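Text of structure39.txt (compact mmCIF, C-alpha atoms and all ligand atoms) as supplied:
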```txt
# COMPACT_ATOMS: atom_id res chain seq x y z
CA MET H 1 0.00 0.00 0.00
CA THR H 2 1.36 3.46 -0.95
CA THR H 3 1.39 5.68 2.12
CA LEU H 4 1.02 9.45 1.88
CA ASN H 5 4.60 9.85 3.13
CA ASP H 6 5.89 7.53 0.38
CA SER H 7 3.91 9.42 -2.22
CA LEU H 8 5.17 12.82 -1.03
CA LYS H 9 8.77 11.52 -1.04
CA GLN H 10 8.27 10.27 -4.61
CA GLN H 11 7.14 13.80 -5.47
CA GLU H 12 10.50 15.03 -4.09
CA CYS H 13 9.02 16.80 -1.07
CA ASP H 14 11.62 17.31 1.64
CA ILE H 15 11.14 16.14 5.22
CA SER H 16 10.19 19.63 6.39
CA LEU H 17 7.35 20.01 3.86
CA ILE H 18 6.07 16.53 4.69
CA ASP H 19 6.09 17.48 8.38
CA VAL H 20 4.01 20.60 7.69
CA ILE H 21 1.48 18.62 5.62
CA GLN H 22 1.23 15.89 8.25
CA ARG H 23 0.54 18.45 10.99
CA ILE H 24 -2.33 19.90 8.95
CA LEU H 25 -3.68 16.38 8.49
CA SER H 26 -3.46 15.46 12.14
CA ALA H 27 -5.54 18.55 12.98
CA SER H 28 -7.96 17.65 10.19
CA LYS H 29 -8.48 14.15 11.62
CA ASP H 30 -9.39 15.78 14.91
CA ILE H 31 -11.83 18.14 13.14
CA SER H 32 -13.30 15.15 11.26
CA PHE H 33 -13.85 13.27 14.52
CA ARG H 34 -15.56 16.25 16.15
CA LEU H 35 -17.83 16.73 13.12
CA GLN H 36 -18.86 13.09 13.28
CA GLN H 37 -19.73 13.52 16.96
CA GLY H 38 -21.77 16.65 16.07
CA ALA H 39 -24.15 17.71 18.80
CA LEU H 40 -22.61 15.06 21.09
CA ALA H 41 -19.33 17.03 21.03
CA GLY H 42 -21.12 20.34 21.66
CA ILE H 43 -19.66 21.82 18.48
CA LEU H 44 -22.82 23.08 16.76
CA GLY H 45 -24.04 26.66 16.76
CA ALA H 46 -22.47 30.11 16.68
CA THR H 47 -20.20 32.10 18.98
CA GLU H 48 -20.85 35.74 19.80
CA GLU H 49 -17.70 36.81 17.94
CA GLU H 50 -17.15 38.12 14.42
CA ASN H 51 -14.06 37.49 12.29
CA VAL H 52 -12.09 40.20 10.49
CA GLN H 53 -14.43 39.97 7.49
CA GLY H 54 -17.51 40.68 9.61
CA GLU H 55 -18.86 37.10 9.57
CA THR H 56 -20.28 35.61 12.78
CA GLN H 57 -17.96 32.77 13.76
CA LYS H 58 -19.42 29.33 14.29
CA LYS H 59 -18.08 27.39 17.26
CA LEU H 60 -16.40 24.98 14.89
CA ASP H 61 -14.74 27.81 12.89
CA VAL H 62 -12.94 28.76 16.09
CA ILE H 63 -12.19 25.20 17.26
CA SER H 64 -10.84 24.19 13.83
CA ASN H 65 -8.74 27.33 13.60
CA ASP H 66 -7.19 26.67 17.02
CA LEU H 67 -6.48 23.00 16.25
CA LEU H 68 -4.68 23.93 13.03
CA LYS H 69 -2.85 26.86 14.58
CA ASP H 70 -1.58 24.83 17.53
CA ALA H 71 -0.50 21.96 15.27
CA LEU H 72 1.36 24.26 12.89
CA LYS H 73 2.97 26.46 15.54
CA ALA H 74 4.47 23.31 17.04
CA SER H 75 6.32 22.60 13.77
CA PRO H 76 9.90 23.88 13.64
CA TYR H 77 9.42 24.28 9.87
CA VAL H 78 6.53 26.76 9.96
CA TYR H 79 7.59 30.41 9.74
CA GLY H 80 4.13 31.93 9.75
CA ILE H 81 0.41 31.24 9.54
CA ALA H 82 -2.52 33.17 8.04
CA SER H 83 -6.11 32.07 8.51
CA GLU H 84 -9.61 33.24 7.66
CA GLU H 85 -10.26 33.32 11.40
CA GLU H 86 -7.12 35.29 12.39
CA ASP H 87 -7.15 39.07 11.92
CA PHE H 88 -3.38 39.20 11.37
CA ALA H 89 -0.55 36.88 10.31
CA VAL H 90 0.59 34.69 13.20
CA PRO H 91 4.35 34.14 13.69
CA GLY H 92 5.58 30.54 13.81
CA ASN H 93 9.22 29.64 14.38
CA ASP H 94 12.22 31.76 13.34
CA GLY H 95 14.07 28.84 11.79
CA GLY H 96 11.04 27.77 9.74
CA GLU H 97 10.87 28.13 5.98
CA TYR H 98 7.15 27.62 5.24
CA LEU H 99 4.17 29.95 5.26
CA VAL H 100 0.78 28.28 5.62
CA THR H 101 -2.56 29.88 4.83
CA TYR H 102 -5.80 28.10 5.58
CA ASP H 103 -9.58 28.27 5.73
CA PRO H 104 -10.09 26.08 8.80
CA LEU H 105 -13.73 25.36 8.03
CA ASP H 106 -15.13 26.17 4.61
CA GLY H 107 -18.89 26.16 4.19
CA SER H 108 -19.50 26.73 7.86
CA SER H 109 -23.19 27.54 7.29
CA ASN H 110 -23.48 23.78 6.57
CA ILE H 111 -22.24 22.60 9.99
CA ASP H 112 -25.56 22.80 11.82
CA ILE H 113 -27.46 21.04 9.00
CA ASN H 114 -25.06 18.06 8.74
CA VAL H 115 -23.92 18.86 5.18
CA SER H 116 -20.35 18.77 3.80
CA VAL H 117 -17.70 21.23 4.98
CA GLY H 118 -13.92 21.22 4.59
CA THR H 119 -10.49 22.58 5.48
CA ILE H 120 -8.53 24.33 2.68
CA PHE H 121 -4.75 24.89 2.90
CA SER H 122 -1.94 26.45 0.91
CA ILE H 123 1.83 26.25 1.58
CA MET H 124 4.50 28.68 0.28
CA LYS H 125 8.11 29.45 1.23
CA THR H 126 9.10 32.53 3.16
CA THR H 127 10.82 35.20 1.06
CA GLY H 128 12.76 36.37 4.12
CA ASN H 129 10.76 39.63 4.26
CA SER H 130 11.04 40.90 7.84
CA ASP H 131 7.40 42.04 7.76
CA LEU H 132 5.42 38.80 8.12
CA ALA H 133 2.20 40.18 6.60
CA GLN H 134 4.15 41.32 3.52
CA ASP H 135 5.92 37.95 3.32
CA PHE H 136 2.55 36.29 2.65
CA LEU H 137 1.73 38.52 -0.32
CA GLN H 138 3.06 36.16 -2.99
CA ALA H 139 1.22 35.08 -6.13
CA GLY H 140 -0.38 31.64 -6.13
CA THR H 141 2.27 30.39 -8.59
CA ASN H 142 4.62 30.33 -5.56
CA GLN H 143 2.56 27.67 -3.76
CA VAL H 144 4.62 24.50 -3.16
CA ALA H 145 1.59 22.48 -2.03
CA ALA H 146 -2.15 23.01 -1.73
CA GLY H 147 -5.16 20.94 -0.89
CA TYR H 148 -8.27 20.42 1.12
CA VAL H 149 -9.84 17.90 3.45
CA LEU H 150 -13.54 17.40 2.69
CA TYR H 151 -15.66 16.26 5.63
CA GLY H 152 -18.57 14.54 3.89
CA PRO H 153 -19.96 11.02 4.09
CA SER H 154 -16.24 10.12 3.79
CA THR H 155 -13.36 12.33 4.89
CA ILE H 156 -11.21 12.89 1.80
CA LEU H 157 -7.84 14.59 1.38
CA VAL H 158 -7.15 16.09 -2.05
CA ILE H 159 -3.61 17.34 -2.49
CA THR H 160 -1.09 18.63 -5.04
CA THR H 161 2.59 19.47 -4.79
CA GLY H 162 2.67 20.56 -8.43
CA LYS H 163 2.90 17.03 -9.82
CA GLY H 164 -0.75 16.22 -10.42
CA VAL H 165 -3.59 15.75 -7.96
CA SER H 166 -4.32 12.74 -5.75
CA MET H 167 -7.27 11.82 -3.51
CA TRP H 168 -6.94 9.97 -0.22
CA THR H 169 -9.85 8.61 1.83
CA LEU H 170 -9.57 8.54 5.64
CA ASP H 171 -9.85 4.98 6.89
CA ASN H 172 -11.21 5.51 10.40
CA ARG H 173 -10.27 1.95 11.38
CA ILE H 174 -6.55 2.76 11.08
CA GLY H 175 -6.66 6.56 11.32
CA GLU H 176 -4.77 6.95 8.01
CA PHE H 177 -5.54 8.47 4.61
CA VAL H 178 -5.52 5.72 1.97
CA LEU H 179 -4.87 6.48 -1.72
CA THR H 180 -8.13 6.23 -3.68
CA ASN H 181 -7.38 8.19 -6.89
CA ASP H 182 -3.83 8.95 -7.98
CA LYS H 183 -4.56 10.85 -11.23
CA VAL H 184 -7.40 13.29 -10.84
CA GLN H 185 -8.41 14.85 -14.18
CA ILE H 186 -11.24 17.30 -14.86
CA PRO H 187 -13.09 16.66 -18.15
CA ALA H 188 -12.67 19.66 -20.48
CA GLN H 189 -16.40 19.90 -21.19
CA THR H 190 -19.38 19.87 -18.86
CA LYS H 191 -23.16 20.26 -18.60
CA GLU H 192 -23.21 21.27 -14.93
CA PHE H 193 -22.83 24.73 -13.38
CA ALA H 194 -22.77 26.12 -9.83
CA ILE H 195 -23.58 29.69 -8.88
CA ASN H 196 -25.73 31.25 -6.17
CA MET H 197 -28.71 32.15 -8.38
CA SER H 198 -30.29 34.24 -5.62
CA ASN H 199 -27.73 36.95 -6.44
CA GLN H 200 -28.70 37.05 -10.11
CA ARG H 201 -30.05 40.60 -10.10
CA PHE H 202 -26.80 41.89 -8.55
CA TRP H 203 -24.43 40.37 -11.14
CA ALA H 204 -22.58 42.36 -13.77
CA GLU H 205 -23.87 42.24 -17.34
CA PRO H 206 -21.41 39.60 -18.69
CA VAL H 207 -22.33 37.08 -15.93
CA GLN H 208 -26.05 37.79 -16.51
CA ALA H 209 -25.60 37.09 -20.22
CA TYR H 210 -23.53 33.92 -19.71
CA VAL H 211 -25.92 32.36 -17.17
CA ALA H 212 -28.91 33.27 -19.38
CA ASP H 213 -27.22 31.30 -22.18
CA LEU H 214 -26.65 28.33 -19.83
CA LEU H 215 -30.33 28.39 -18.88
CA ALA H 216 -31.43 28.60 -22.51
CA GLY H 217 -30.38 24.95 -22.98
CA GLU H 218 -30.52 23.23 -26.38
CA GLU H 219 -32.33 26.21 -27.91
CA GLY H 220 -29.69 28.73 -26.80
CA PRO H 221 -26.34 29.71 -28.34
CA ILE H 222 -24.42 27.09 -26.30
CA GLY H 223 -26.78 24.35 -27.54
CA LYS H 224 -26.63 22.13 -24.44
CA ARG H 225 -29.01 21.48 -21.55
CA PHE H 226 -27.26 22.29 -18.25
CA ASN H 227 -27.94 21.03 -14.73
CA MET H 228 -27.27 23.17 -11.63
CA ARG H 229 -25.84 22.40 -8.17
CA TRP H 230 -25.12 24.63 -5.14
CA VAL H 231 -23.79 23.06 -1.92
CA ALA H 232 -22.82 26.45 -0.39
CA ALA H 233 -19.36 25.11 0.42
CA MET H 234 -16.66 25.84 -2.16
CA VAL H 235 -14.76 22.79 -0.99
CA ALA H 236 -17.68 20.50 -1.90
CA GLU H 237 -18.26 22.26 -5.25
CA VAL H 238 -14.58 21.85 -6.17
CA HIS H 239 -14.67 18.22 -5.09
CA ARG H 240 -17.62 17.57 -7.39
CA ILE H 241 -15.82 19.31 -10.25
CA LEU H 242 -12.58 17.34 -9.66
CA THR H 243 -14.68 14.17 -9.68
CA ARG H 244 -17.01 14.71 -12.68
CA GLY H 245 -16.33 18.18 -14.12
CA GLY H 246 -18.41 21.35 -14.00
CA ILE H 247 -18.04 25.09 -13.61
CA PHE H 248 -18.19 26.98 -10.31
CA MET H 249 -18.61 30.74 -10.18
CA TYR H 250 -18.61 33.27 -7.38
CA PRO H 251 -18.47 36.51 -9.36
CA TRP H 252 -18.43 40.12 -8.19
CA ASP H 253 -21.93 41.28 -7.36
CA GLY H 254 -23.55 44.58 -6.50
CA ARG H 255 -24.68 43.72 -2.96
CA GLU H 256 -21.50 45.32 -1.62
CA PRO H 257 -20.05 46.92 -4.75
CA SER H 258 -16.68 47.80 -3.20
CA LYS H 259 -15.88 44.12 -2.58
CA PRO H 260 -14.40 42.37 -5.60
CA GLY H 261 -16.14 39.10 -4.71
CA LYS H 262 -17.00 36.93 -1.71
CA LEU H 263 -14.20 34.37 -1.75
CA ARG H 264 -10.75 35.01 -0.40
CA LEU H 265 -7.66 34.77 -2.62
CA MET H 266 -5.00 33.47 -0.25
CA TYR H 267 -6.80 30.60 1.47
CA GLU H 268 -9.76 29.78 -0.81
CA ALA H 269 -9.14 30.72 -4.46
CA ASN H 270 -5.38 30.11 -4.78
CA PRO H 271 -5.20 26.60 -3.30
CA MET H 272 -8.26 25.58 -5.35
CA ALA H 273 -6.69 27.16 -8.45
CA MET H 274 -3.53 25.09 -8.02
CA LEU H 275 -5.57 21.89 -7.63
CA VAL H 276 -7.84 22.68 -10.57
CA GLU H 277 -4.95 23.58 -12.91
CA GLN H 278 -3.01 20.50 -11.85
CA ALA H 279 -6.07 18.43 -12.78
CA GLY H 280 -6.27 20.01 -16.25
CA GLY H 281 -8.93 22.64 -15.48
CA LEU H 282 -8.84 26.43 -15.32
CA CYS H 283 -9.27 28.97 -12.53
CA ARG H 284 -9.58 32.65 -13.34
CA THR H 285 -10.83 35.92 -11.97
CA ASP H 286 -12.97 37.81 -14.49
CA SER H 287 -9.78 39.20 -16.04
CA GLU H 288 -6.71 37.05 -15.29
CA ARG H 289 -5.31 33.68 -14.26
CA MET H 290 -5.98 33.28 -10.52
CA LEU H 291 -2.48 32.02 -9.76
CA GLU H 292 -0.94 35.21 -11.20
CA VAL H 293 -2.96 37.69 -9.13
CA ALA H 294 -0.55 39.88 -7.13
CA PRO H 295 -2.00 39.92 -3.60
CA THR H 296 -2.30 43.20 -1.72
CA GLU H 297 -3.59 41.87 1.59
CA ILE H 298 -4.07 38.54 3.35
CA HIS H 299 -7.89 38.68 3.45
CA GLN H 300 -8.28 40.03 -0.11
CA ARG H 301 -11.36 38.89 -2.01
CA VAL H 302 -11.55 37.91 -5.68
CA PRO H 303 -14.17 36.88 -8.24
CA VAL H 304 -13.79 33.16 -9.02
CA PHE H 305 -14.52 31.14 -12.18
CA LEU H 306 -13.15 27.59 -12.05
CA GLY H 307 -13.60 24.12 -13.45
CA SER H 308 -13.79 22.40 -16.83
CA LYS H 309 -11.41 24.16 -19.21
CA GLU H 310 -13.70 24.85 -22.16
CA GLU H 311 -16.58 26.06 -19.98
CA VAL H 312 -14.39 28.45 -17.94
CA GLU H 313 -12.94 29.83 -21.19
CA ARG H 314 -16.49 30.42 -22.43
CA ALA H 315 -17.62 32.05 -19.16
CA VAL H 316 -14.80 34.61 -19.07
CA SER H 317 -15.10 35.37 -22.80
CA TYR H 318 -18.37 37.30 -22.12
CA LYS H 319 -17.47 41.02 -21.87
P1 LIG H 401 -16.66 30.18 4.77
O1 LIG H 401 -17.68 29.25 5.37
O2 LIG H 401 -15.25 29.67 4.90
O3 LIG H 401 -16.80 31.62 5.22
O4 LIG H 401 -16.84 30.19 3.17
C1 LIG H 401 -18.14 30.21 2.65
C2 LIG H 401 -18.07 30.49 1.18
C3 LIG H 401 -17.85 29.31 0.28
O5 LIG H 401 -17.50 28.12 0.81
C4 LIG H 401 -19.16 29.12 -0.43
O6 LIG H 401 -18.91 28.82 -1.77
C5 LIG H 401 -19.85 30.42 -0.27
O7 LIG H 401 -19.32 31.04 0.86
C6 LIG H 401 -21.34 30.24 -0.09
O8 LIG H 401 -21.91 31.47 -0.22
P2 LIG H 401 -23.48 31.76 -0.22
O9 LIG H 401 -23.76 32.21 1.17
O10 LIG H 401 -23.63 32.83 -1.24
O11 LIG H 401 -24.20 30.48 -0.59
MN MN H 402 -16.37 32.37 7.11
MN MN H 403 -14.43 29.39 2.99
MN MN H 404 -14.18 29.30 6.69
```
Take the structure I supplied and represent it as structure tokens, if you would.
Ligand code: AHG
Ligand code: MN
Ligand code: MN
Ligand code: MN
Amino acid sequence: MTTLNDSLKQQECDISLIDVIQRILSASKDISFRLQQGALAGILGATEEENVQGETQKKLDVISNDLLKDALKASPYVYGIASEEEDFAVPGNDGGEYLVTYDPLDGSSNIDINVSVGTIFSIMKTTGNSDLAQDFLQAGTNQVAAGYVLYGPSTILVITTGKGVSMWTLDNRIGEFVLTNDKVQIPAQTKEFAINMSNQRFWAEPVQAYVADLLAGEEGPIGKRFNMRWVAAMVAEVHRILTRGGIFMYPWDGREPSKPGKLRLMYEANPMAMLVEQAGGLCRTDSERMLEVAPTEIHQRVPVFLGSKEEVERAVSYK
């Protein structure tokens, strides 16, 4: 049986990177266990706190963040951490070389209804910048590894170190992730789209026009009948797309016009972009390749169009 450590060594990851990944995974196993216990573990419901983006934190947002933070701070190889649930970058260890960004719990509105959520992570190297917040502001092309752990009916790790994408299913009997797909590929074409249709009236004209053409089916200019899905957890949408193709969009909308989108570049869009590209798909903002966006702040938001190559190309061709 190929273990994750063997696989990472075959991908020429050094011991320090493997250590960082394994610490994320040990925290994720703990999160997975608590999610399975649900109400029995007292993890449902909200706190009275808000995060830096003005969202009310769920209890499990905070618990997951602390589990990951404690696990990573204990690694001698981690130089700094940035999280959705931390206002500022958190220092790790001076001798460390890796920067880790993460969304501890993605889709947290799903926790209380027993629907899929996940942990998203991205790993880069420090540039040696003495200002830690600035150190993080590297384009997604600098990621050395990225992935997510999906907590669904199964707990599944999906990971890339830039040499393709593999999926690993947590075997609770042995407490280890077991390889279940070693060559994830997204089909170039699809008949399935995901967007929060309730925001339709707030979208910009090109997104209105594109989705109208999707809805027009066989009679419309695209000439295909499309199906729609919306799990309200990016991690579950991306997992579906990595498994059977599709397009996922969270575009800019006019509800809060000054925000460029809802999703966050450094710990949602970039790690998903690396996975999707490594699986043969595309991930773009409305104007450029996601992985080439020059970040200006850790919690920066971006519009996101990702998935099957030909469909994403079509979506962003509307002007
Ligand atoms: P988070 O729970 O980490 O704050 O992220 C939620 C995000 C993303 O996972 C999902 O795609 C989107 O919010 C759902 O948004 P809607 O509320 O518009 O459905
Ligand atoms: Mn949130
Ligand atoms: Mn999220
Ligand atoms: Mn989150």
task = Name the closest residue to Gln278 (chain H) among the candidates H:Leu215, H:Ala146, H:Val52, H:Leu137; distances are taken between atoms, counting all atoms listed in the file.
result =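 When distances to Gln278 (chain H) are compared using all atoms listed in the file, the smallest one comes from H:Ala146.
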message = So the first atom is atom MN of ligand MN 404 (chain H) and the second is CA of Gly280 (chain H); what is the distance between them in Å, to one decimal place?
response =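 Between atom MN of ligand MN 404 (chain H) and CA of Gly280 (chain H) the gap works out to 26.0 Å.
CA of Pro251 (chain H) sits 10.3 Å away from atom O10 of ligand LIG 401 (chain H).
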Residue contacts of region 189-200 of chain H (7 Å, all atoms listed in the file) excluding same-chain residues fewer than 3 positions away, as number ranges by chain = H: 203, 208, 225-230, 245-250, 308-311
For C-alpha atoms, I'd like the residues from the last selection saved as a CSV table (one decimal), in the coordinates of the input.
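selection_4.csv, written as the output of this step:
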```csv
chain,number,residue,atom,x,y,z
H,203,TRP,CA,-24.4,40.4,-11.1
H,208,GLN,CA,-26.0,37.8,-16.5
H,225,ARG,CA,-29.0,21.5,-21.6
H,226,PHE,CA,-27.3,22.3,-18.2
H,227,ASN,CA,-27.9,21.0,-14.7
H,228,MET,CA,-27.3,23.2,-11.6
H,229,ARG,CA,-25.8,22.4,-8.2
H,230,TRP,CA,-25.1,24.6,-5.1
H,245,GLY,CA,-16.3,18.2,-14.1
H,246,GLY,CA,-18.4,21.4,-14.0
H,247,ILE,CA,-18.0,25.1,-13.6
H,248,PHE,CA,-18.2,27.0,-10.3
H,249,MET,CA,-18.6,30.7,-10.2
H,250,TYR,CA,-18.6,33.3,-7.4
H,308,SER,CA,-13.8,22.4,-16.8
H,309,LYS,CA,-11.4,24.2,-19.2
H,310,GLU,CA,-13.7,24.8,-22.2
H,311,GLU,CA,-16.6,26.1,-20.0
```
ask   = Do you know which residues are within 7 Å of ligand LIG 401 (chain H) using all atoms listed in the file? Can you write them as a PyMOL selection string?
value = chain H and resi 103+105-109+196+232-235+262-263
Could you write out that same residue set with C-alpha atoms as a PDB file, in the coordinates of the input?
```pdb
ATOM      1  CA  ASP H 103      -9.580  28.270   5.730  1.00  0.00           C
ATOM      2  CA  LEU H 105     -13.730  25.360   8.030  1.00  0.00           C
ATOM      3  CA  ASP H 106     -15.130  26.170   4.610  1.00  0.00           C
ATOM      4  CA  GLY H 107     -18.890  26.160   4.190  1.00  0.00           C
ATOM      5  CA  SER H 108     -19.500  26.730   7.860  1.00  0.00           C
ATOM      6  CA  SER H 109     -23.190  27.540   7.290  1.00  0.00           C
ATOM      7  CA  ASN H 196     -25.730  31.250  -6.170  1.00  0.00           C
ATOM      8  CA  ALA H 232     -22.820  26.450  -0.390  1.00  0.00           C
ATOM      9  CA  ALA H 233     -19.360  25.110   0.420  1.00  0.00           C
ATOM     10  CA  MET H 234     -16.660  25.840  -2.160  1.00  0.00           C
ATOM     11  CA  VAL H 235     -14.760  22.790  -0.990  1.00  0.00           C
ATOM     12  CA  LYS H 262     -17.000  36.930  -1.710  1.00  0.00           C
ATOM     13  CA  LEU H 263     -14.200  34.370  -1.750  1.00  0.00           C
TER      14      LEU H 263
END
```
request  = For each of H:Val207, H:Ile111, H:Met124, H:Leu25, take the minimum atom-to-atom distance to Gln37 (chain H), counting only C-alpha atoms, then give the residue where this is smallest.
outcome  =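 Counting only C-alpha atoms, the residue closest to Gln37 (chain H) is H:Ile111.
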Taking only C-alpha atoms into account, produce a table as a tab-separated table in which each residue of region 220-266 of chain H with an atom at most 10 Å from an atom of region 148-171 of chain H appears once, together with its shortest atom pair and the distance in Å to one decimal, ordered by chain and rising number.
```
residue	atom	partner	partner_atom	distance
H:Ala233	CA	H:Leu150	CA	9.9
H:Val235	CA	H:Leu150	CA	6.6
H:Ala236	CA	H:Leu150	CA	6.9
H:Val238	CA	H:Tyr148	CA	9.7
H:His239	CA	H:Leu150	CA	7.9
H:Leu242	CA	H:Val165	CA	9.3
H:Thr243	CA	H:Met167	CA	9.9
```
ask   = For ligand MN 403 (chain H), which residue out of H:Val117, H:Ala279, H:Ala46, H:Ala315 is the nearest one, using all atoms listed in the file?
value =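 The answer is H:Val117, which sits nearest to ligand MN 403 (chain H).
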N, CA and C atoms for region 94-113 of chain H, written as a tab-separated table (two decimals), in the frame of the given file, could you do that?
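And here is the file that came out, result.tsv:
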```tsv
chain	number	residue	atom	x	y	z
H	94	ASP	N	11.23	30.99	14.11
H	94	ASP	CA	12.22	31.76	13.34
H	94	ASP	C	12.99	30.92	12.33
H	95	GLY	N	13.29	29.67	12.71
H	95	GLY	CA	14.07	28.84	11.79
H	95	GLY	C	13.24	28.22	10.68
H	96	GLY	N	11.93	28.44	10.71
H	96	GLY	CA	11.04	27.77	9.74
H	96	GLY	C	11.17	28.37	8.35
H	97	GLU	N	10.79	27.58	7.34
H	97	GLU	CA	10.87	28.13	5.98
H	97	GLU	C	9.50	28.22	5.30
H	98	TYR	N	8.45	27.68	5.93
H	98	TYR	CA	7.15	27.62	5.24
H	98	TYR	C	6.12	28.59	5.83
H	99	LEU	N	5.33	29.13	4.91
H	99	LEU	CA	4.17	29.95	5.26
H	99	LEU	C	2.93	29.13	4.93
H	100	VAL	N	2.00	29.06	5.86
H	100	VAL	CA	0.78	28.28	5.62
H	100	VAL	C	-0.42	29.21	5.73
H	101	THR	N	-1.28	29.19	4.71
H	101	THR	CA	-2.56	29.88	4.83
H	101	THR	C	-3.66	28.83	4.82
H	102	TYR	N	-4.73	29.09	5.58
H	102	TYR	CA	-5.80	28.10	5.58
H	102	TYR	C	-7.16	28.72	5.88
H	103	ASP	N	-8.17	28.04	5.35
H	103	ASP	CA	-9.58	28.27	5.73
H	103	ASP	C	-9.92	27.07	6.59
H	104	PRO	N	-9.97	27.26	7.92
H	104	PRO	CA	-10.09	26.08	8.80
H	104	PRO	C	-11.37	25.30	8.55
H	105	LEU	N	-12.45	26.02	8.28
H	105	LEU	CA	-13.73	25.36	8.03
H	105	LEU	C	-14.42	26.13	6.91
H	106	ASP	N	-14.45	25.53	5.74
H	106	ASP	CA	-15.13	26.17	4.61
H	106	ASP	C	-16.56	25.64	4.53
H	107	GLY	N	-17.48	26.57	4.27
H	107	GLY	CA	-18.89	26.16	4.19
H	107	GLY	C	-19.52	26.07	5.56
H	108	SER	N	-19.09	26.94	6.47
H	108	SER	CA	-19.50	26.73	7.86
H	108	SER	C	-21.00	26.91	8.10
H	109	SER	N	-21.73	27.49	7.12
H	109	SER	CA	-23.19	27.54	7.29
H	109	SER	C	-23.79	26.13	7.17
H	110	ASN	N	-22.99	25.17	6.70
H	110	ASN	CA	-23.48	23.78	6.57
H	110	ASN	C	-23.32	22.95	7.84
H	111	ILE	N	-22.56	23.45	8.82
H	111	ILE	CA	-22.24	22.60	9.99
H	111	ILE	C	-23.52	22.15	10.69
H	112	ASP	N	-24.39	23.12	10.99
H	112	ASP	CA	-25.56	22.80	11.82
H	112	ASP	C	-26.59	21.95	11.09
H	113	ILE	N	-26.47	21.84	9.75
H	113	ILE	CA	-27.46	21.04	9.00
H	113	ILE	C	-26.86	19.72	8.53
```
